[in-house]
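Report on one structure; see the data block that follows.
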Amino acid sequence: MPHPASGTFRHSGRTHKTTQLCDLPSMQNSRDSVRPLLQDATAQKMLTILSDLTRSVNELREEVRAIRNTGCNESVDAGVLPLDLPLHNIEELNHAEAALQSQEANKAMVRRFALIGGTTLEVRVRRVMAYAITNELASVLNWAGKKTKDQTKQKRAFKDTALCRCIFDGLTQQLGANSMSEFVFAQAVQKWLRYAPDRLGGVGRTSSVPIPE
């Protein structure tokens with residue numbers, strides 16, 4: 001006669017196996033229900049990326065059109081400007097800052113920046129910034145500046161420069177005094193400066209030369 005405990009164990013084992021087999025369909029159904037959600041999330045991400053790329057291409061197309069339309073007018077007064085733009089490094093920026101202490105030079109640059117057009121504020125800011133400074137110089141600047149113990153990673157504050165004020169005044173003159181806040185302007189400049197190293201292929205993200213004040 002089988003031992004009662006032994007019989008109970010075998011019965012329990014069969015019950016456990018049956019439970020596992022019964023769970024398999026529900027586990028499969030769960031995976032099947034999750035898969036469409038993952039696919040939808042991936043598709044949504046791809047659509048977002050595609051939308052961003054399309055918007056960027058359209059903005060670049062408008063910039064090219066604006067350059068063609070204003071190129072002739074912009075070259076007329078290029079020879080009488082007090083600054084030789086674009087600026088390439090901190091030393092040139094320092095010379096420009098000294099020159100812009102002159103009221104006449106300051107007004108001339110404001111008028112010059114006011115001539116640079118674009119279909120949106122962000123496009124205008126990108127065009128003016130690219131006209132004023134190179135990506136090499138932009139890579140060692142940011143909006144508020146960056147102070148660290150490692151001098152090779154410090155960044156000069158662009159918001160404190162006379163050049164920045166000239167650009168803002170030029171855009172305001174072009175768009176109207178109430179059409180652009182300093183906050184919106186700052187956001188657009190920050191974005192342009194942030195991606196300067198990427199426009200250089202990433203090489204601008206590190207610097208081996210301390211940035212003088």
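Labels for the structure tokens follow display order: chains A, B, ..., residues from 1 in each chain, ligands from 1.
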Taking the DSSP secondary structure from the backbone, can you list the residues of segment 101-196 of chain A that are strand (DSSP E or B), as a list in words?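 Residues meeting the strand (DSSP E or B) criterion: Ile133, Leu141, Asn142, Lys146, Lys155, Arg156 and Ala157 of chain A.
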Rank nothing, just name the residue among A:Ala130, A:Leu171, A:Val125, A:Ala138 nearest to Val189 of chain A, using only C-alpha atoms. A:Val125
Atom-to-atom span, atom CA of Gln101 of chain A and atom CA of Ser181 of chain A, Å: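 Those two atoms sit 24.0 Å apart.
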